[in-house]
Amino acid sequence: MAKKDSAGPQVITANRLDDGVVVYFATDKDAVQWVEKIADASILIGDALNAALVRAEQTVAANEVVDVYPIPVDEAKHPQSRREAVRAAGPTIAYGAP
Amino acid sequence: MYRYDDFDQTFVNERVEQFRDQVARRLSGELTEDEFKPLRLMNGLYLQLHAYMLRVAIPYGTLSSTQLRKLAEISRKYDRGYGHFTTRQNLQYNWPALKDTPDILAELATVEMHALQTSGNCIRNVTADQYAGVAAGEVDDPRIYAEVLRQWSSLHPEFSFLPRKFKIAITGCANDRAAIKVHDIGLVVVQNEAGETGFEFWVGGGLGRTPVIGKCINPFVAKRDLLSYTEAVLRVYNMLGRRDNMYKARIKILVNETGVEEFTRLVNEEWAEIREGYLELPEEEVQRIRAFFAPPAYEALEADPAEFMQKLDADPAFADWAHANLAPHKVSGYAIVNLSLKPIGGIPGDVTDSQMEAVAGLADQFSFGEIRATHEQNLTLPHVRQKDLYALWEALQALDLATPNVGLVSDIIACPGLDYCALANARSIPVAQMISDRFADLKRQHDIGPLKIKISGCINACGHHHVGHIGILGVDKKGTEFYQITLGGSAEEDAAVGQILGPAFGYDEVTDAVENVVNTYLELREGPGETFLQMVRRTGVTPFKEALYEAA
Ligand code: HEM
Ligand code: SF4
């Protein structure tokens, strides 16, 4: 469920339902949309964040994503928690075939 | 190998089709995530840090080459071309799409595989000694009984909603390679004085936030009583195990809170009621299942043939590998071969699709088409002629699967940690890689001798850190990764929980700390004959602590 961790700038994240891929919420496009790169996400704060969370939750009901929540980021959209940093950038190790 | 009968195949196929329907209803919105989550977990599908994760069961760690080829094909077709072998003899795919999982499960079903009982509060996939059926000195093949337990536990109506997950491991040898004492039930196949086969029952072992070594509650349960006695244990647990607190729900807590004697009395009381009933295991049934695990058609061969012995003398690299990665086979002229999934600096337990395919081919060529997965995240070819070892070794080298480090310092167990796991506090894999790189020199590794390092990224202990000779636990201190070191644990017959050394080390310090511990051992051991674990047991942790913290 959506929960607010801090009062600072945030981006909203989720996992896409059909393939599980990590996605971020962009509100500055014409339509509401989930994007794969955190760099393309919208930084939100205060009322704008709350309003976006409501819209993001609607896409859960529309079976687009699961597990919507906001994460604190800095101005360059780097997540403040290491967990979210790994989630945004992928595993920190080279995996699969060399 | 065990082969599905019509009942098994129909059951697995039906479960796939049910899941296909459930996924379709989830994607269309007919099912909410809350409704769907328990259903996907029943089919081994988790949502992890980056994506879905599918955990495929490899019952008692035995795989055919056909199955391994299918696992390779799935990883290429539906994932990113690799899989991860875990400490519970499962294979995990890290990137499957939800919409593809019904097809993946259908493909698995064509080779008699599934992902059932790999999640949730049920009796999980039963694990076994990877040398089952081939180990010198084995009392009986533990897979026979693992399969009996699998059939009994699959969809057992009483035990699908236990207080918590329930893990069973079994070994047929006094030398425990299946970590049975850290399982909810650990079984050792034994013989009594009359020469009858039965089981030692170890109950209430477990890792996680409260590590406990199991207690022996019955030194000999006769073969015919295997199911009634196991059911009695489960019934007591199901009735009395705590459901109010997830952290106190495992059977280990019940056994501790009740006391071993009282717990044993309750089991015996329950057992008395059901012992003579339908759960009695008929000898014909044991024989029927035994037939599936009949030995392959071994040739009559002399032990240690000249061509093998000559190569040992002539090629030191081959000799190093033979020394570390082979184990004695019960049949003369054959060897058990361990394939290291721990190349120096690699990711413990990861294999690529092409490696899997190549191993399947080598299994066909050299090992009667059979492969084993080990709880130490390696693979085993169980029946190789000694005279073929050199050719096999050359082929494995080309695949980067011949690192001669099994049981040595770079044969590290590591959980996925923060690189994949949603519950992690810290990364495990890169710590394993740093340590492996530090000890890359194989001569040094062989000089250090047997040393098991096990790393978990959080207290759930999927990487078995509590029972590592050196255990490493990732913790989070104010947003920074730290690693706590324990010494003196063991997962074998001399099972023990390691002792914490002192304050934790940062990500950039932990490799130095491990090296410091190893150097202290090399300095203070009574000679190369004293292993790391023996020394820790002799001296305690004090000399290690002094060297590590007082130098700083
Ligand atoms: C990435 C997804 C995973 C999740 C969410 C997960 C979760 C957990 C949790 C919550 C526990 C503690 C259970 C308890 O104490 O009641 C646990 C224990 C364990 N897990 Fe995992 N795990 C994951 C991956 C793995 C992997 C990859 C392995 C094998 C390398 C593994 C093997 C184990 C083992 C052996 C235990 C300890 C058994 C015990 O508690 O007695 N898990 N896991
Ligand atoms: S030990 Fe913790 S971090 Fe590692 S896989 Fe288990 S739950 Fe994840």
# chains A, B, ... in the order shown; residues from 1 in each chain; ligands from 1

$ residues_around --residues "Pro38 (chain B)" --least-positions-apart "5" --cutoff "12 Å" --atoms "only C-alpha atoms" --output "CSV table (one decimal) with C-alpha atoms, in the first residue's frame"
chain,number,residue,atom,x,y,z
B,19,PHE,CA,-2.7,-21.8,-12.6
B,22,GLN,CA,-5.7,-18.1,-12.3
B,31,LEU,CA,-8.7,-11.6,-9.1
B,32,THR,CA,-7.1,-8.9,-7.0
B,33,GLU,CA,-3.4,-9.1,-6.0
B,43,ASN,CA,3.2,-22.4,-7.5
B,44,GLY,CA,6.6,-21.1,-6.5
B,45,LEU,CA,6.2,-17.6,-8.0
B,46,TYR,CA,7.4,-14.7,-5.8
B,47,LEU,CA,7.6,-11.0,-6.6
B,119,SER,CA,6.9,-21.7,-1.0
B,120,GLY,CA,4.3,-21.1,1.6
B,121,ASN,CA,3.5,-22.8,5.0
B,160,SER,CA,-1.3,-27.3,3.6
B,161,PHE,CA,-1.8,-24.6,6.2

$ residues_near_ligand --ligand "ligand 1" --cutoff "7 Å" --atoms "only C-alpha atoms and all ligand atoms" --output "PyMOL selection string"
chain B and resi 48+85-88+164-165+182-184+205-209+247+250+414-416+420-423+460-464

$ interface_residues --of "chain A" --to "chain B" --cutoff "8 Å" --atoms "only C-alpha atoms" --output "number ranges by chain"
A: 15, 17-22, 61-63, 66, 81-83, 86-87, 90-93, 95-97

$ residues_around --residues "Gln386 (chain B)" --least-positions-apart "3" --cutoff "6 Å" --atoms "only C-alpha atoms" --output "list in words"
Gly333, Tyr334, Ala335 and Leu389 of chain B

$ select_by_dssp --residues "region 87-285 of chain B" --states "helix (DSSP H, G or I)" --output "VMD selection string"
chain B and resid 98 to 110 142 to 153 157 to 159 180 to 182 223 to 240 246 to 248 251 to 258 260 to 274 283 to 285

$ select_by_dssp --residues "region 34-281 of chain B" --states "strand (DSSP E)" --output "PyMOL selection string"
chain B and resi 45-47+52-57+62-64+82-85+90-93+127-128+168-171+185-191+197-203+215-222

$ residues_around --residues "region 227-231 of chain B" --least-positions-apart "6" --cutoff "8 Å" --atoms "only C-alpha atoms" --output "list in words"
Leu149, Trp152, Val221, Val267, Trp271, Ile274, Arg275, Leu279, Glu280 and Leu281 of chain B

$ write_last_selection --atoms "N, CA and C atoms" --output "short mmCIF file (atom, residue, chain, number, x, y, z; two decimals), in the first residue's frame"
data_model
loop_
_atom_site.label_atom_id
_atom_site.label_comp_id
_atom_site.auth_asym_id
_atom_site.auth_seq_id
_atom_site.Cartn_x
_atom_site.Cartn_y
_atom_site.Cartn_z
N LEU B 149 8.07 -39.63 1.25
CA LEU B 149 7.61 -38.44 1.97
C LEU B 149 6.99 -37.43 1.02
N TRP B 152 3.49 -38.57 0.20
CA TRP B 152 2.61 -38.41 1.35
C TRP B 152 2.29 -36.94 1.61
N VAL B 221 13.41 -45.24 14.35
CA VAL B 221 12.02 -45.43 13.95
C VAL B 221 12.06 -46.43 12.79
N VAL B 267 4.54 -36.53 20.93
CA VAL B 267 4.64 -37.22 19.63
C VAL B 267 4.31 -38.70 19.82
N TRP B 271 1.44 -40.77 18.12
CA TRP B 271 1.89 -41.90 17.30
C TRP B 271 1.13 -43.16 17.68
N ILE B 274 -2.05 -43.58 15.78
CA ILE B 274 -2.12 -43.74 14.31
C ILE B 274 -1.15 -44.80 13.79
N ARG B 275 -0.37 -45.34 14.67
CA ARG B 275 0.72 -46.20 14.27
C ARG B 275 0.29 -47.43 13.47
N LEU B 279 -1.25 -45.53 7.63
CA LEU B 279 0.02 -44.89 7.32
C LEU B 279 1.20 -45.86 7.36
N GLU B 280 0.92 -47.09 7.77
CA GLU B 280 2.02 -48.04 7.78
C GLU B 280 2.59 -48.19 6.37
N LEU B 281 3.89 -48.14 6.28
CA LEU B 281 4.53 -48.18 4.97
C LEU B 281 4.82 -49.62 4.58
#

$ residues_around --residues "Asp441 (chain B)" --least-positions-apart "2" --cutoff "12 Å" --atoms "only C-alpha atoms" --output "PyMOL selection string"
chain B and resi 344-345+403-405+408-410+435-439+443-448

$ closest_residue --among "B:Val514, B:Val475, B:Ala373, B:Leu548" --to "ligand 2" --atoms "only C-alpha atoms and all ligand atoms"
B:Val475

$ residues_around --residues "region 68-78 of chain A" --least-positions-apart "2" --cutoff "6 Å" --atoms "only C-alpha atoms" --output "tab-separated table (two decimals) with N, CA, C and O atoms, in the first residue's frame"
chain	number	residue	atom	x	y	z
A	2	ALA	N	0.30	2.30	-0.48
A	2	ALA	CA	1.04	3.56	-0.52
A	2	ALA	C	1.27	4.08	0.88
A	2	ALA	O	0.37	4.07	1.71
A	9	PRO	N	11.29	15.40	-1.59
A	9	PRO	CA	10.92	14.98	-2.94
A	9	PRO	C	10.86	13.46	-3.08
A	9	PRO	O	11.69	12.76	-2.50
A	10	GLN	N	9.90	13.02	-3.85
A	10	GLN	CA	9.68	11.58	-3.99
A	10	GLN	C	9.41	11.24	-5.45
A	10	GLN	O	8.96	12.08	-6.22
A	11	VAL	N	9.66	9.99	-5.80
A	11	VAL	CA	9.06	9.44	-7.02
A	11	VAL	C	8.21	8.25	-6.60
A	11	VAL	O	8.41	7.68	-5.53
A	12	ILE	N	7.26	7.91	-7.44
A	12	ILE	CA	6.37	6.79	-7.13
A	12	ILE	C	6.82	5.59	-7.95
A	12	ILE	O	7.12	5.72	-9.15
A	13	THR	N	6.88	4.45	-7.30
A	13	THR	CA	7.31	3.24	-8.01
A	13	THR	C	6.29	2.12	-7.84
A	13	THR	O	5.37	2.22	-7.02
A	14	ALA	N	6.45	1.07	-8.65
A	14	ALA	CA	5.58	-0.11	-8.59
A	14	ALA	C	6.25	-1.20	-9.42
A	14	ALA	O	7.33	-0.99	-9.97
A	66	VAL	N	1.38	-3.49	-9.62
A	66	VAL	CA	1.12	-3.87	-8.22
A	66	VAL	C	2.13	-3.15	-7.33
A	66	VAL	O	3.16	-2.68	-7.81
A	80	GLN	N	17.14	7.56	-2.08
A	80	GLN	CA	17.95	7.71	-0.87
A	80	GLN	C	18.30	6.36	-0.24
A	80	GLN	O	19.34	6.23	0.39

$ residues_around --residues "Ala146 (chain B)" --least-positions-apart "3" --cutoff "10 Å" --atoms "only C-alpha atoms" --output "list in words"
Pro59, Tyr60, Asn125, Val126, Thr127, Ala128, Asp141, Pro142, Arg143, Leu149, Arg150, Gln151, Trp152, Ile168, Ala169, Ile170, Thr171 and Leu187 of chain B

$ write_last_selection --atoms "N, CA and C atoms" --output "compact mmCIF listing (two decimals), in the first residue's frame"
# COMPACT_ATOMS: atom_id res chain seq x y z
N PRO B 59 13.40 -32.38 -6.75
CA PRO B 59 13.22 -33.27 -5.62
C PRO B 59 14.49 -34.05 -5.30
N TYR B 60 14.85 -34.02 -4.01
CA TYR B 60 16.07 -34.64 -3.49
C TYR B 60 17.29 -34.41 -4.38
N ASN B 125 9.77 -29.02 -0.52
CA ASN B 125 10.58 -29.97 -1.26
C ASN B 125 11.59 -30.65 -0.32
N VAL B 126 11.53 -31.98 -0.24
CA VAL B 126 12.42 -32.73 0.66
C VAL B 126 13.82 -32.78 0.02
N THR B 127 14.83 -32.43 0.79
CA THR B 127 16.19 -32.42 0.26
C THR B 127 16.97 -33.64 0.76
N ALA B 128 18.01 -34.01 0.02
CA ALA B 128 18.76 -35.23 0.35
C ALA B 128 20.23 -35.07 0.03
N ASP B 141 19.63 -45.85 0.19
CA ASP B 141 19.45 -44.66 -0.64
C ASP B 141 18.36 -43.76 -0.04
N PRO B 142 18.71 -42.58 0.44
CA PRO B 142 17.71 -41.72 1.10
C PRO B 142 16.62 -41.23 0.16
N ARG B 143 16.87 -41.25 -1.15
CA ARG B 143 15.87 -40.73 -2.09
C ARG B 143 14.60 -41.57 -2.09
N LEU B 149 8.07 -39.63 1.25
CA LEU B 149 7.61 -38.44 1.97
C LEU B 149 6.99 -37.43 1.02
N ARG B 150 7.55 -37.32 -0.17
CA ARG B 150 7.00 -36.37 -1.14
C ARG B 150 5.57 -36.76 -1.51
N GLN B 151 5.37 -38.05 -1.76
CA GLN B 151 4.03 -38.49 -2.16
C GLN B 151 3.04 -38.29 -1.02
N TRP B 152 3.49 -38.57 0.20
CA TRP B 152 2.61 -38.41 1.35
C TRP B 152 2.29 -36.94 1.61
N ILE B 168 12.20 -30.68 5.42
CA ILE B 168 12.70 -32.01 5.78
C ILE B 168 13.93 -32.32 4.93
N ALA B 169 14.97 -32.86 5.56
CA ALA B 169 16.16 -33.30 4.82
C ALA B 169 16.53 -34.69 5.29
N ILE B 170 17.15 -35.45 4.40
CA ILE B 170 17.46 -36.85 4.72
C ILE B 170 18.82 -37.25 4.16
N THR B 171 19.53 -38.04 4.95
CA THR B 171 20.80 -38.59 4.47
C THR B 171 20.86 -40.07 4.81
N LEU B 187 16.47 -36.50 8.92
CA LEU B 187 16.44 -37.95 9.04
C LEU B 187 17.78 -38.54 8.63

$ closest_residue --among "B:Phe532, B:Trp202, B:Tyr131, B:Tyr93" --to "Glu370 (chain B)" --atoms "only C-alpha atoms"
B:Tyr131

$ closest_residue --among "B:Glu357, B:Ala440, B:Leu473, B:Leu116" --to "ligand 2" --atoms "only C-alpha atoms and all ligand atoms"
B:Leu473

$ closest_residue --among "B:Leu63, B:Ala363, B:Cys458, B:Ala115" --to "ligand 2" --atoms "only C-alpha atoms and all ligand atoms"
B:Cys458

$ atom_distance --atom1 "CA of Ala294 (chain B)" --atom2 "CA of Met1 (chain B)"
7.9 Å

$ closest_residue --among "B:His465, B:Arg124, B:His114, B:Arg55" --to "ligand 2" --atoms "only C-alpha atoms and all ligand atoms"
B:His465

$ atom_distance --atom1 "CA of Gly198 (chain B)" --atom2 "CA of Glu376 (chain B)"
26.6 Å

$ closest_residue --among "B:Gln117, B:Phe199, B:Gln377, B:Ile455" --to "ligand 2" --atoms "only C-alpha atoms and all ligand atoms"
B:Ile455

$ atom_distance --atom1 "CA of Thr27 (chain A)" --atom2 "CA of Asn50 (chain A)"
12.2 Å
